[in-house]
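Structure file final16.cif with mmCIF, C-alpha atoms and all ligand atoms:
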```cif
data_model
loop_
_atom_site.label_atom_id
_atom_site.label_comp_id
_atom_site.auth_asym_id
_atom_site.auth_seq_id
_atom_site.Cartn_x
_atom_site.Cartn_y
_atom_site.Cartn_z
CA MET A 170 -15.04 -46.50 -41.73
CA LEU A 171 -15.05 -46.63 -37.95
CA GLU A 172 -12.93 -49.45 -36.70
CA LYS A 173 -12.92 -50.90 -33.28
CA LYS A 174 -10.25 -53.52 -33.61
CA ASP A 175 -7.34 -53.15 -31.26
CA THR A 176 -4.00 -52.55 -32.83
CA GLU A 177 -0.62 -53.21 -31.26
CA LEU A 178 0.63 -50.46 -28.98
CA GLU A 179 2.00 -47.70 -31.15
CA LYS A 180 5.18 -46.02 -30.08
CA ALA A 181 4.53 -42.35 -29.50
CA VAL A 182 6.24 -39.20 -28.26
CA LEU A 183 4.36 -36.37 -26.54
CA ILE A 184 5.09 -32.73 -27.13
CA GLY A 185 4.01 -29.86 -24.91
CA VAL A 186 5.02 -26.34 -24.07
CA VAL A 187 5.78 -24.34 -20.95
CA THR A 188 4.51 -20.78 -21.23
CA LYS A 189 3.74 -17.81 -19.01
CA ASP A 190 0.22 -19.11 -18.33
CA GLN A 191 1.26 -22.71 -18.12
CA ASP A 192 4.11 -23.36 -15.72
CA GLU A 193 6.14 -26.54 -15.57
CA ASP A 194 3.88 -28.29 -13.07
CA ARG A 195 0.81 -27.50 -15.08
CA SER A 196 2.46 -28.62 -18.28
CA LYS A 197 3.42 -31.91 -16.61
CA GLU A 198 -0.16 -32.46 -15.45
CA TYR A 199 -1.47 -31.86 -18.96
CA LEU A 200 1.06 -34.28 -20.41
CA ASP A 201 0.10 -36.86 -17.77
CA GLU A 202 -3.44 -36.63 -19.03
CA LEU A 203 -2.28 -36.74 -22.65
CA GLU A 204 -0.34 -39.89 -21.82
CA PHE A 205 -3.47 -41.46 -20.33
CA LEU A 206 -5.38 -40.50 -23.48
CA THR A 207 -2.63 -42.04 -25.62
CA TYR A 208 -2.76 -45.24 -23.63
CA THR A 209 -6.55 -45.33 -23.94
CA ALA A 210 -6.21 -44.92 -27.71
CA GLY A 211 -3.75 -47.82 -27.92
CA GLY A 212 -0.40 -46.06 -27.79
CA GLU A 213 2.66 -46.24 -25.63
CA VAL A 214 4.56 -43.08 -24.74
CA LYS A 215 8.32 -43.45 -25.14
CA LYS A 216 9.37 -39.89 -24.39
CA ARG A 217 8.04 -36.42 -23.66
CA PHE A 218 9.45 -33.24 -25.12
CA THR A 219 8.67 -29.83 -23.70
CA GLN A 220 9.91 -26.43 -24.70
CA LYS A 221 9.71 -23.11 -22.89
CA MET A 222 8.36 -20.46 -25.21
CA ASP A 223 6.37 -17.23 -25.26
CA MET A 224 4.56 -18.12 -28.44
CA PRO A 225 4.52 -21.33 -30.47
CA ASN A 226 6.38 -21.11 -33.76
CA PRO A 227 3.71 -20.37 -36.39
CA LYS A 228 5.36 -22.72 -38.90
CA THR A 229 6.48 -25.72 -36.90
CA PHE A 230 5.07 -25.11 -33.41
CA LEU A 231 8.40 -25.97 -31.74
CA GLY A 232 11.59 -24.05 -32.42
CA THR A 233 14.02 -25.41 -35.01
CA GLY A 234 16.52 -26.84 -32.52
CA LYS A 235 13.90 -28.64 -30.48
CA MET A 236 12.30 -29.99 -33.61
CA GLU A 237 15.61 -31.45 -34.72
CA GLU A 238 15.96 -33.11 -31.30
CA VAL A 239 12.53 -34.70 -31.72
CA ARG A 240 13.34 -35.77 -35.29
CA GLN A 241 16.53 -37.47 -34.21
CA TYR A 242 14.79 -39.32 -31.38
CA VAL A 243 11.95 -40.40 -33.63
CA GLU A 244 14.39 -41.75 -36.19
CA ASP A 245 16.58 -43.55 -33.67
CA ASN A 246 13.73 -45.16 -31.78
CA ASP A 247 11.35 -46.18 -34.48
CA ILE A 248 8.57 -43.91 -33.23
CA SER A 249 5.43 -43.84 -35.34
CA THR A 250 3.38 -41.05 -33.84
CA ALA A 251 4.00 -37.55 -32.44
CA ILE A 252 1.22 -36.20 -30.28
CA PHE A 253 0.94 -32.49 -29.44
CA ASP A 254 -0.97 -31.32 -26.41
CA ASP A 255 -2.07 -28.16 -28.16
CA GLU A 256 -4.17 -27.76 -31.25
CA LEU A 257 -2.08 -27.45 -34.41
CA SER A 258 -3.08 -25.42 -37.42
CA ALA A 259 -3.39 -27.28 -40.71
CA SER A 260 -0.14 -25.82 -41.96
CA GLN A 261 1.76 -26.56 -38.74
CA GLU A 262 0.59 -30.13 -38.96
CA ARG A 263 1.72 -30.33 -42.57
CA ASN A 264 5.13 -28.81 -41.91
CA ILE A 265 5.81 -30.93 -38.87
CA SER A 266 4.83 -34.18 -40.52
CA LYS A 267 7.16 -33.33 -43.41
CA ILE A 268 10.03 -32.89 -40.98
CA LEU A 269 9.31 -35.89 -38.77
CA ASN A 270 7.93 -38.11 -41.49
CA ILE A 271 5.55 -39.81 -39.06
CA LYS A 272 1.94 -39.32 -38.04
CA VAL A 273 1.33 -36.02 -36.27
CA LEU A 274 -1.70 -35.75 -34.03
CA ASP A 275 -3.03 -33.21 -31.60
CA ARG A 276 -5.21 -33.61 -28.55
CA THR A 277 -8.41 -33.21 -30.50
CA ASN A 278 -7.37 -35.97 -32.93
CA LEU A 279 -6.68 -38.25 -30.05
CA ILE A 280 -9.99 -37.63 -28.31
CA LEU A 281 -11.92 -38.05 -31.57
CA ASP A 282 -10.05 -41.27 -32.19
CA ILE A 283 -10.92 -42.68 -28.77
CA PHE A 284 -14.54 -41.75 -29.33
CA ALA A 285 -14.44 -43.51 -32.71
CA GLN A 286 -13.02 -46.67 -31.14
CA ARG A 287 -15.53 -46.68 -28.33
CA ALA A 288 -18.72 -45.77 -30.12
CA GLN A 289 -21.01 -48.77 -29.83
CA THR A 290 -24.50 -47.79 -30.81
CA SER A 291 -25.45 -46.39 -34.16
CA SER A 292 -26.32 -43.05 -32.60
CA ALA A 293 -22.92 -42.73 -30.91
CA ARG A 294 -21.19 -43.77 -34.12
CA THR A 295 -23.11 -41.25 -36.16
CA GLN A 296 -22.34 -38.49 -33.68
CA VAL A 297 -18.62 -39.31 -33.66
CA GLU A 298 -18.49 -39.55 -37.42
CA LEU A 299 -20.05 -36.13 -37.74
CA ALA A 300 -17.52 -34.67 -35.31
CA GLN A 301 -14.67 -36.27 -37.25
CA CYS A 302 -15.92 -34.92 -40.56
CA GLU A 303 -16.32 -31.43 -39.10
CA TYR A 304 -12.79 -31.61 -37.77
CA LEU A 305 -11.45 -32.97 -41.03
CA LEU A 306 -13.05 -30.53 -43.42
CA PRO A 307 -10.81 -27.49 -42.86
CA ARG A 308 -7.77 -29.76 -42.71
CA LEU A 309 -8.38 -31.84 -45.79
CA ARG A 310 -5.37 -30.60 -47.68
CA GLY A 311 -2.04 -31.65 -46.33
CA MET A 312 -2.95 -34.31 -43.85
CA TRP A 313 -0.41 -37.08 -44.02
CA THR A 314 -1.04 -37.70 -47.66
CA HIS A 315 2.57 -38.54 -48.33
CA LEU A 316 2.40 -41.39 -45.85
CA GLU A 317 0.94 -44.75 -46.40
CA ARG A 318 -2.59 -44.39 -45.19
CA GLN A 319 -3.33 -48.06 -45.13
CA LYS A 320 -1.43 -48.63 -41.92
CA GLY A 321 -4.33 -47.58 -39.71
CA GLY A 322 -3.89 -47.04 -35.99
CA ILE A 323 -4.35 -43.97 -33.84
CA GLY A 324 -5.88 -41.05 -35.66
CA MET A 325 -6.47 -43.09 -38.81
CA ARG A 326 -9.74 -44.64 -37.77
CA GLY A 327 -12.91 -43.07 -38.97
CA PRO A 328 -13.69 -41.24 -42.12
CA GLY A 329 -10.15 -39.87 -42.50
CA GLU A 330 -8.99 -43.26 -43.50
CA THR A 331 -10.77 -43.57 -46.79
CA GLU A 332 -11.77 -40.08 -47.72
CA ILE A 333 -8.72 -38.01 -47.19
CA GLU A 334 -7.79 -37.75 -50.84
CA THR A 335 -11.26 -37.10 -52.05
CA ASP A 336 -12.91 -33.83 -52.67
CA ARG A 337 -14.11 -31.64 -49.84
CA ARG A 338 -17.48 -31.73 -51.43
CA ILE A 339 -17.83 -35.38 -50.62
CA VAL A 340 -17.12 -34.65 -46.98
CA ARG A 341 -19.59 -31.80 -47.06
CA ASP A 342 -22.25 -34.07 -48.51
CA LYS A 343 -21.43 -36.62 -45.87
CA ILE A 344 -21.82 -34.00 -43.14
CA ALA A 345 -25.25 -33.12 -44.50
CA LEU A 346 -26.19 -36.77 -44.54
CA LEU A 347 -24.97 -37.39 -41.00
CA LYS A 348 -26.79 -34.30 -39.78
CA ALA A 349 -30.01 -35.58 -41.28
CA LYS A 350 -29.44 -38.96 -39.65
CA ILE A 351 -28.81 -37.30 -36.30
CA LYS A 352 -31.98 -35.27 -36.68
CA THR A 353 -33.95 -38.51 -36.93
CA ILE A 354 -32.12 -39.92 -33.92
CA ASP A 355 -32.82 -36.69 -31.99
CA LYS A 356 -36.50 -37.07 -32.72
CA GLN A 357 -36.57 -40.68 -31.57
CA MET A 358 -34.70 -39.84 -28.40
CA SER A 359 -36.92 -36.92 -27.65
CA VAL A 360 -40.00 -39.13 -28.08
CA GLN A 361 -38.41 -41.65 -25.72
CA ARG A 362 -37.77 -38.96 -23.16
CA GLY A 363 -41.34 -37.73 -23.57
CA ASN A 364 -42.67 -41.21 -22.90
CA ARG A 365 -41.02 -41.23 -19.53
CA GLY A 366 -43.65 -38.82 -18.30
CA LYS A 367 -43.18 -36.52 -15.38
CA MET A 368 -40.78 -38.68 -13.44
CA VAL A 369 -37.95 -36.76 -11.83
CA ARG A 370 -34.74 -37.01 -13.82
CA VAL A 371 -31.36 -37.08 -12.20
CA ALA A 372 -28.16 -37.04 -14.28
CA LEU A 373 -24.67 -38.08 -13.27
CA VAL A 374 -22.16 -35.67 -14.75
CA GLY A 375 -18.45 -35.27 -14.27
CA TYR A 376 -14.96 -35.52 -15.67
CA THR A 377 -14.05 -38.76 -17.40
CA ASN A 378 -12.93 -41.68 -15.19
CA VAL A 379 -14.29 -40.25 -11.92
CA GLY A 380 -16.59 -43.20 -11.21
CA LYS A 381 -19.98 -42.17 -12.61
CA SER A 382 -20.74 -45.59 -14.07
CA THR A 383 -19.49 -47.33 -10.94
CA LEU A 384 -21.87 -45.21 -8.86
CA MET A 385 -24.70 -45.87 -11.30
CA ASN A 386 -24.05 -49.62 -11.05
CA THR A 387 -23.94 -49.50 -7.27
CA ILE A 388 -27.16 -47.66 -6.76
CA SER A 389 -29.20 -49.04 -9.62
CA LYS A 390 -27.74 -52.52 -9.65
CA SER A 391 -27.29 -52.24 -13.39
CA GLU A 392 -24.32 -53.24 -15.47
CA VAL A 393 -22.86 -50.18 -17.09
CA PHE A 394 -19.38 -50.67 -18.51
CA ALA A 395 -16.81 -49.13 -16.16
CA GLU A 396 -13.05 -49.32 -16.48
CA ASN A 397 -9.90 -47.46 -15.71
CA LYS A 398 -9.54 -45.84 -19.10
CA LEU A 399 -10.86 -42.56 -20.37
CA PHE A 400 -14.30 -42.38 -21.94
CA ALA A 401 -15.47 -45.84 -20.94
CA THR A 402 -19.01 -44.60 -21.45
CA LEU A 403 -20.13 -42.92 -24.66
CA ASP A 404 -23.79 -43.65 -24.67
CA THR A 405 -26.40 -42.68 -22.23
CA THR A 406 -27.94 -45.23 -19.93
CA VAL A 407 -31.15 -44.41 -18.13
CA ARG A 408 -32.34 -46.54 -15.22
CA LYS A 409 -35.35 -46.32 -13.04
CA VAL A 410 -34.18 -46.21 -9.46
CA VAL A 411 -36.38 -46.49 -6.39
CA ILE A 412 -35.15 -45.22 -3.06
CA GLN A 413 -37.61 -46.03 -0.30
CA ASN A 414 -40.61 -46.13 -2.58
CA LEU A 415 -39.66 -43.00 -4.40
CA PRO A 416 -39.03 -43.69 -8.09
CA PHE A 417 -36.90 -41.49 -10.30
CA LEU A 418 -34.78 -41.79 -13.43
CA LEU A 419 -31.01 -41.86 -13.19
CA THR A 420 -28.86 -41.15 -16.23
CA ASP A 421 -25.23 -42.05 -16.77
CA THR A 422 -23.57 -40.42 -19.72
CA VAL A 423 -20.33 -39.48 -21.45
CA GLY A 424 -17.60 -38.00 -19.27
CA PHE A 425 -16.17 -34.57 -19.88
CA ILE A 426 -12.55 -33.55 -20.33
CA ARG A 427 -10.48 -30.40 -20.53
CA LYS A 428 -10.72 -28.93 -24.01
CA LEU A 429 -13.41 -31.35 -25.13
CA PRO A 430 -13.43 -30.73 -28.89
CA THR A 431 -16.26 -28.37 -29.77
CA GLN A 432 -17.16 -30.61 -32.69
CA LEU A 433 -17.91 -33.35 -30.17
CA VAL A 434 -19.95 -31.17 -27.85
CA GLU A 435 -22.04 -30.09 -30.84
CA SER A 436 -22.53 -33.46 -32.43
CA PHE A 437 -23.22 -35.16 -29.10
CA LYS A 438 -26.21 -32.94 -28.70
CA SER A 439 -28.73 -35.78 -28.47
CA THR A 440 -26.61 -37.60 -25.89
CA LEU A 441 -26.16 -34.43 -23.87
CA ASP A 442 -29.87 -33.60 -24.05
CA GLU A 443 -30.30 -36.04 -21.17
CA VAL A 444 -28.23 -33.66 -19.07
CA ARG A 445 -29.97 -30.60 -20.46
CA GLU A 446 -33.36 -31.98 -19.51
CA ALA A 447 -32.41 -33.28 -16.07
CA ASP A 448 -34.03 -31.83 -12.96
CA LEU A 449 -31.02 -32.46 -10.76
CA LEU A 450 -27.34 -32.99 -11.49
CA LEU A 451 -25.01 -35.14 -9.45
CA HIS A 452 -21.59 -33.72 -10.23
CA VAL A 453 -19.20 -36.58 -9.50
CA VAL A 454 -15.59 -35.64 -8.71
CA ASP A 455 -12.56 -37.91 -8.29
CA ILE A 456 -11.13 -36.36 -5.15
CA SER A 457 -8.10 -38.64 -5.28
CA HIS A 458 -6.98 -36.99 -8.53
CA PRO A 459 -4.38 -34.24 -8.00
CA ASN A 460 -6.20 -31.95 -10.44
CA PHE A 461 -9.71 -32.44 -9.24
CA GLU A 462 -10.30 -28.70 -8.88
CA ASP A 463 -9.40 -28.15 -12.54
CA HIS A 464 -11.69 -31.00 -13.45
CA ILE A 465 -14.59 -29.31 -11.67
CA ALA A 466 -13.89 -26.11 -13.60
CA SER A 467 -13.79 -27.97 -16.94
CA VAL A 468 -17.08 -29.70 -16.18
CA ASN A 469 -18.75 -26.45 -15.16
CA LYS A 470 -17.53 -24.83 -18.35
CA ILE A 471 -19.08 -27.54 -20.50
CA LEU A 472 -22.29 -27.44 -18.46
CA GLY A 473 -22.41 -23.75 -19.35
CA GLU A 474 -21.94 -24.57 -23.03
CA ILE A 475 -24.94 -26.88 -22.97
CA ASP A 476 -27.15 -24.43 -21.04
CA SER A 477 -27.15 -26.49 -17.89
CA ALA A 478 -25.15 -24.29 -15.55
CA ASP A 479 -28.03 -23.18 -13.36
CA LYS A 480 -29.57 -26.53 -12.53
CA PRO A 481 -29.61 -27.74 -8.94
CA VAL A 482 -26.37 -29.63 -8.33
CA ILE A 483 -25.13 -31.94 -5.62
CA MET A 484 -21.35 -32.31 -5.56
CA VAL A 485 -20.38 -35.93 -5.04
CA PHE A 486 -16.74 -36.30 -4.06
CA ASN A 487 -15.94 -39.89 -4.93
CA LYS A 488 -12.94 -42.19 -4.34
CA ILE A 489 -12.38 -41.04 -0.75
CA ASP A 490 -10.82 -44.47 -0.18
CA ALA A 491 -8.04 -43.54 -2.58
CA TYR A 492 -7.49 -40.01 -1.31
CA LYS A 493 -4.02 -39.60 0.16
CA PRO A 494 -2.56 -36.24 1.08
CA GLU A 495 1.13 -35.74 0.40
CA PRO A 496 3.07 -36.26 3.61
CA PHE A 497 4.08 -32.94 5.16
CA ASP A 498 7.29 -32.57 7.07
CA ALA A 499 6.69 -29.75 9.55
CA SER A 500 10.30 -29.78 10.67
CA ASN A 501 11.44 -28.91 7.18
CA LEU A 502 11.16 -25.14 7.21
CA GLN A 503 11.78 -24.95 3.50
CA GLU A 504 8.61 -26.75 2.71
CA GLU A 505 5.41 -24.81 2.44
CA ARG A 506 2.15 -26.47 3.31
CA THR A 507 -0.08 -26.52 0.25
CA LYS A 508 -3.29 -28.11 -0.92
CA GLU A 509 -1.51 -31.35 -1.68
CA HIS A 510 -1.02 -31.78 2.06
CA TYR A 511 -4.65 -31.20 3.04
CA THR A 512 -6.51 -33.96 4.79
CA LEU A 513 -10.10 -34.58 3.77
CA ALA A 514 -11.25 -32.78 6.92
CA GLU A 515 -9.22 -29.75 5.88
CA TRP A 516 -10.60 -29.83 2.37
CA LYS A 517 -14.08 -29.74 3.78
CA LYS A 518 -13.25 -26.39 5.39
CA THR A 519 -12.16 -24.79 2.11
CA TRP A 520 -14.51 -23.57 -0.61
CA MET A 521 -16.24 -26.92 -0.21
CA ASN A 522 -17.71 -25.54 2.96
CA ARG A 523 -19.46 -22.87 0.93
CA VAL A 524 -21.10 -25.50 -1.26
CA GLY A 525 -23.00 -26.34 1.92
CA GLU A 526 -22.83 -29.54 3.89
CA ASP A 527 -25.98 -30.76 2.19
CA ASN A 528 -24.63 -30.25 -1.27
CA ALA A 529 -21.24 -31.83 -0.84
CA LEU A 530 -21.09 -35.56 -0.24
CA PHE A 531 -17.99 -37.65 0.28
CA ILE A 532 -18.28 -41.24 -0.83
CA SER A 533 -16.54 -44.26 -2.26
CA ALA A 534 -18.66 -45.84 -4.96
CA LEU A 535 -16.30 -48.77 -5.19
CA ASN A 536 -16.09 -49.56 -1.48
CA LYS A 537 -19.66 -48.49 -0.85
CA LYS A 538 -18.68 -45.92 1.76
CA ASN A 539 -21.18 -43.27 2.90
CA LEU A 540 -23.71 -44.46 0.36
CA GLU A 541 -26.45 -44.17 2.97
CA ASP A 542 -25.86 -40.44 3.31
CA PHE A 543 -25.71 -40.17 -0.43
CA LYS A 544 -29.04 -41.93 -0.87
CA LYS A 545 -30.69 -39.86 1.82
CA ARG A 546 -29.52 -36.65 0.24
CA VAL A 547 -30.70 -37.69 -3.22
CA TYR A 548 -33.97 -38.93 -1.74
CA ASP A 549 -34.64 -35.59 -0.05
CA GLU A 550 -33.85 -33.58 -3.14
CA VAL A 551 -35.81 -35.81 -5.51
CA ARG A 552 -38.75 -35.86 -3.11
CA GLU A 553 -38.84 -32.09 -3.10
CA ILE A 554 -39.08 -32.00 -6.88
CA HIS A 555 -41.43 -34.99 -7.00
CA VAL A 556 -44.08 -33.51 -4.72
CA THR A 557 -44.28 -30.36 -6.78
CA ARG A 558 -45.26 -32.58 -9.72
CA PHE A 559 -47.46 -35.05 -7.91
CA PRO A 560 -48.81 -33.04 -4.98
CA TYR A 561 -51.61 -35.48 -4.27
CA ASN A 562 -49.32 -38.31 -3.16
CA HIS A 563 -47.10 -36.32 -0.84
CA PHE A 564 -47.98 -38.63 2.06
CA LEU A 565 -46.36 -41.56 0.26
CA TYR A 566 -42.90 -40.28 0.98
CA PRO A 567 -42.07 -39.90 4.64
CA ASP A 568 -38.66 -38.78 5.81
CA TYR A 569 -35.79 -40.96 4.80
CA ASP A 570 -35.55 -43.98 7.06
CA TYR A 571 -32.03 -45.21 7.69
CA GLU A 572 -33.37 -48.35 9.37
CA ASN A 573 -35.20 -49.65 6.36
CA MET A 574 -32.52 -49.58 3.79
CA GLY A 575 -31.78 -52.16 1.16
CA GLU A 576 -35.22 -51.94 -0.39
CA GLU A 577 -34.28 -50.14 -3.54
CA GLU A 578 -34.63 -51.84 -6.86
N1 LIG B 601 -10.46 -46.31 -5.60
C1 LIG B 601 -11.66 -46.09 -6.16
N2 LIG B 601 -11.80 -46.31 -7.48
C2 LIG B 601 -13.02 -46.08 -8.03
C3 LIG B 601 -14.13 -45.63 -7.25
N3 LIG B 601 -15.18 -45.49 -8.07
C4 LIG B 601 -14.76 -45.85 -9.31
N4 LIG B 601 -13.46 -46.21 -9.29
C5 LIG B 601 -12.63 -46.68 -10.43
O1 LIG B 601 -12.43 -45.61 -11.34
C6 LIG B 601 -12.37 -46.10 -12.68
C7 LIG B 601 -13.35 -45.36 -13.56
O2 LIG B 601 -14.67 -45.67 -13.16
P1 LIG B 601 -15.91 -45.47 -14.13
O3 LIG B 601 -17.12 -45.79 -13.31
O4 LIG B 601 -15.71 -46.17 -15.42
O5 LIG B 601 -15.81 -43.90 -14.37
P2 LIG B 601 -16.72 -42.98 -15.31
O6 LIG B 601 -16.83 -41.67 -14.61
O7 LIG B 601 -17.97 -43.67 -15.67
O8 LIG B 601 -15.76 -42.83 -16.57
P3 LIG B 601 -16.15 -42.48 -18.11
O9 LIG B 601 -17.29 -43.33 -18.52
O10 LIG B 601 -14.87 -42.80 -18.79
O11 LIG B 601 -16.45 -41.03 -18.15
C8 LIG B 601 -12.64 -47.60 -12.60
O12 LIG B 601 -11.40 -48.26 -12.62
C9 LIG B 601 -13.33 -47.76 -11.26
O13 LIG B 601 -13.12 -49.02 -10.68
C10 LIG B 601 -13.92 -45.42 -5.84
O14 LIG B 601 -14.81 -45.04 -5.07
N5 LIG B 601 -12.66 -45.65 -5.37
MG MG B 602 -18.73 -44.20 -17.45
#
```

As structure tokens - that is how I would like this structure written.
Ligand SMILES: Nc1nc2c(ncn2[C@@H]2O[C@H](COP(=O)(O)OP(=O)(O)OP(=O)(O)O)[C@@H](O)[C@H]2O)c(=O)[nH]1
Ligand SMILES: [Mg+2]
Amino acid sequence: MLEKKDTELEKAVLIGVVTKDQDEDRSKEYLDELEFLTYTAGGEVKKRFTQKMDMPNPKTFLGTGKMEEVRQYVEDNDISTAIFDDELSASQERNISKILNIKVLDRTNLILDIFAQRAQTSSARTQVELAQCEYLLPRLRGMWTHLERQKGGIGMRGPGETEIETDRRIVRDKIALLKAKIKTIDKQMSVQRGNRGKMVRVALVGYTNVGKSTLMNTISKSEVFAENKLFATLDTTVRKVVIQNLPFLLTDTVGFIRKLPTQLVESFKSTLDEVREADLLLHVVDISHPNFEDHIASVNKILGEIDSADKPVIMVFNKIDAYKPEPFDASNLQEERTKEHYTLAEWKKTWMNRVGEDNALFISALNKKNLEDFKKRVYDEVREIHVTRFPYNHFLYPDYDYENMGEEE
């Protein structure tokens, strides 16, 4: 079933398209992310192929000529995996794998596979397994049945590995079983959350790899696994944090990504319930990432999907230490000044200004920069919620005192 063992780096090619809605720059950014996903899953990208098209070919996604180019490269370079940035239909997948004669994966496959590798606890494993089964069911016929399935590797971990040839009914039964298991887990988790009483709950949310766990570790002095790969965190960690006498619960959870497979959003319901039940969200953003605005949009979209769009939010722009604007040559009249050239001060005057000074914080979790301001802001907000729940001990929480820091747990 789910396997965690690392395999050697698999040689892969990436395939993307340039369309009317997705220009070359955008397509490159998406493929950059796909490459990072591939690396996280244990693959090594040898080449990227892109094709300009109005509409993907319904049979083979790419046009015939481009496909032949890919086939030739794959054959000459001993490539074992072709990864498409866009979702393939079952028949496209079948046709393409017949032509290329190697594993064919799409973005969803890749994300599911990373989740399968990273799932540690039984609840995370169950949730991933359910998502994989849901994804597999409509595609059961015509996966890479003509290939040796014993090889393993990217996209082969999880239930696909052993059950591909078996009847759909078995997968359906399995889905029912997993759902029942998750129901039990949901109940346990909800009891756990209930036991935490009326304490204010704060949840860190954000795109994957933005530094949520690093921030959690810094302010709660806990040891949550953080690393420079995607989806380092799959489970939810809850810590009691005390800032100047004021206790609250801080949650670190799974990161979001563009086009997070719906199967995952659904089956990770119990993990995401922590976010759904939070009183305050800290939306962490990696401001040093060139696409951070897209990331914010993806996160907001998923927050909407889990009914959490209208919670109070503080935007936490992290990694300010790593933020570097592109150099701008004013003497070059050909060059237009764009967002890539903005300094942090300039960024603050854009839409960020409308978020309100109070609701936009600029920090470095790694270098512990501006953490005082961050703590003060969180303190103020949590205090406001706290005193509505415990009005009788209002006097316990005076205004935030910058002098007396370093007392938190
Ligand atoms: N330069 C810089 N790097 C940071 C900062 N904060 C975190 N990082 C790095 O960013 C990477 C990702 O950090 P994590 O804390 O694992 O990010 P995350 O948001 O928890 O990621 P997922 O769990 O994958 O969603 C790690 O390599 C961190 O060291 C920062 O303020 N500056
Ligand atoms: Mg994390």

Using all atoms listed in the file, what does the table of chain A residues within 7 Å of ligand MG 602 (chain B) look like, with each row giving the shortest atom pair and its distance in Å to one decimal, sorted by chain and ascending number, as a tab-separated table?
```
residue	atom	partner	partner_atom	distance
A:Asn378	CA	B:MG602	MG	6.7
A:Gly380	CA	B:MG602	MG	6.7
A:Lys381	CA	B:MG602	MG	5.4
A:Ser382	CA	B:MG602	MG	4.2
A:Phe394	CA	B:MG602	MG	6.6
A:Ala395	CA	B:MG602	MG	5.4
A:Phe400	CA	B:MG602	MG	6.6
A:Ala401	CA	B:MG602	MG	5.0
A:Thr402	CA	B:MG602	MG	4.0
A:Asp421	CA	B:MG602	MG	6.9
A:Thr422	CA	B:MG602	MG	6.5
A:Val423	CA	B:MG602	MG	6.4
A:Gly424	CA	B:MG602	MG	6.6
```

Which chain A residues have any atom within 10 Å of an atom of ligand LIG 601 (chain B), and for each, what is the nearest pair of atoms with distance in Å to one decimal, counting all atoms listed in the file, rows sorted by chain and number, as a tab-separated table?
```
residue	atom	partner	partner_atom	distance
A:Leu373	CA	B:LIG601	O6	8.7
A:Val374	CA	B:LIG601	O6	8.0
A:Gly375	CA	B:LIG601	O6	6.6
A:Tyr376	CA	B:LIG601	O11	6.2
A:Thr377	CA	B:LIG601	O11	3.4
A:Asn378	CA	B:LIG601	O8	3.4
A:Val379	CA	B:LIG601	O6	4.0
A:Gly380	CA	B:LIG601	O5	3.3
A:Lys381	CA	B:LIG601	O6	3.8
A:Ser382	CA	B:LIG601	O3	3.7
A:Thr383	CA	B:LIG601	O3	3.7
A:Leu384	CA	B:LIG601	O3	6.5
A:Met385	CA	B:LIG601	O3	7.8
A:Asn386	CA	B:LIG601	O3	8.2
A:Thr387	CA	B:LIG601	N3	9.7
A:Val393	CA	B:LIG601	O3	8.2
A:Phe394	CA	B:LIG601	O4	6.6
A:Ala395	CA	B:LIG601	O4	3.2
A:Glu396	CA	B:LIG601	O4	4.3
A:Asn397	CA	B:LIG601	O12	3.5
A:Lys398	CA	B:LIG601	O10	6.1
A:Leu399	CA	B:LIG601	O10	4.3
A:Phe400	CA	B:LIG601	O10	3.2
A:Ala401	CA	B:LIG601	O10	3.8
A:Thr402	CA	B:LIG601	O9	3.6
A:Leu403	CA	B:LIG601	O9	6.8
A:Asp404	CA	B:LIG601	O9	9.0
A:Thr405	CA	B:LIG601	O9	9.9
A:Asp421	CA	B:LIG601	O7	7.5
A:Thr422	CA	B:LIG601	O9	7.0
A:Val423	CA	B:LIG601	O11	5.3
A:Gly424	CA	B:LIG601	O11	3.4
A:Phe425	CA	B:LIG601	O11	6.7
A:Ile426	CA	B:LIG601	O11	8.7
A:Val453	CA	B:LIG601	O6	7.6
A:Val454	CA	B:LIG601	O6	8.5
A:Asp455	CA	B:LIG601	C3	7.9
A:Ile456	CA	B:LIG601	N5	9.4
A:Ser457	CA	B:LIG601	N1	8.0
A:Phe486	CA	B:LIG601	O14	9.0
A:Asn487	CA	B:LIG601	O14	5.3
A:Lys488	CA	B:LIG601	O14	3.5
A:Ile489	CA	B:LIG601	O14	6.4
A:Asp490	CA	B:LIG601	N5	5.6
A:Ala491	CA	B:LIG601	N1	4.8
A:Tyr492	CA	B:LIG601	N1	8.2
A:Phe531	CA	B:LIG601	O14	9.7
A:Ile532	CA	B:LIG601	O14	6.7
A:Ser533	CA	B:LIG601	O14	3.4
A:Ala534	CA	B:LIG601	O14	3.9
A:Leu535	CA	B:LIG601	O14	4.0
A:Asn536	CA	B:LIG601	O14	5.9
A:Lys537	CA	B:LIG601	O14	7.3
A:Lys538	CA	B:LIG601	O14	7.9
```

Discussion item. Counting only C-alpha atoms, I want the residues whose atoms come within 12 Å of (-26.6, -31.5, -19.4) in the file frame, returned as a VMD selection string.
Written reply: chain A and resid 370 to 375 405 420 to 425 434 437 to 452 468 to 482

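If only C-alpha atoms are the atoms counted, then among A:Val369, A:Glu262, A:Leu433, A:Thr250 the closest residue to Lys409 (chain A) is A:Val369.
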
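With only C-alpha atoms as the atoms that count, the residue of A:Pro494, A:Ile323, A:Asn460, A:Ile252 with the shortest distance to Glu515 (chain A) is A:Pro494.
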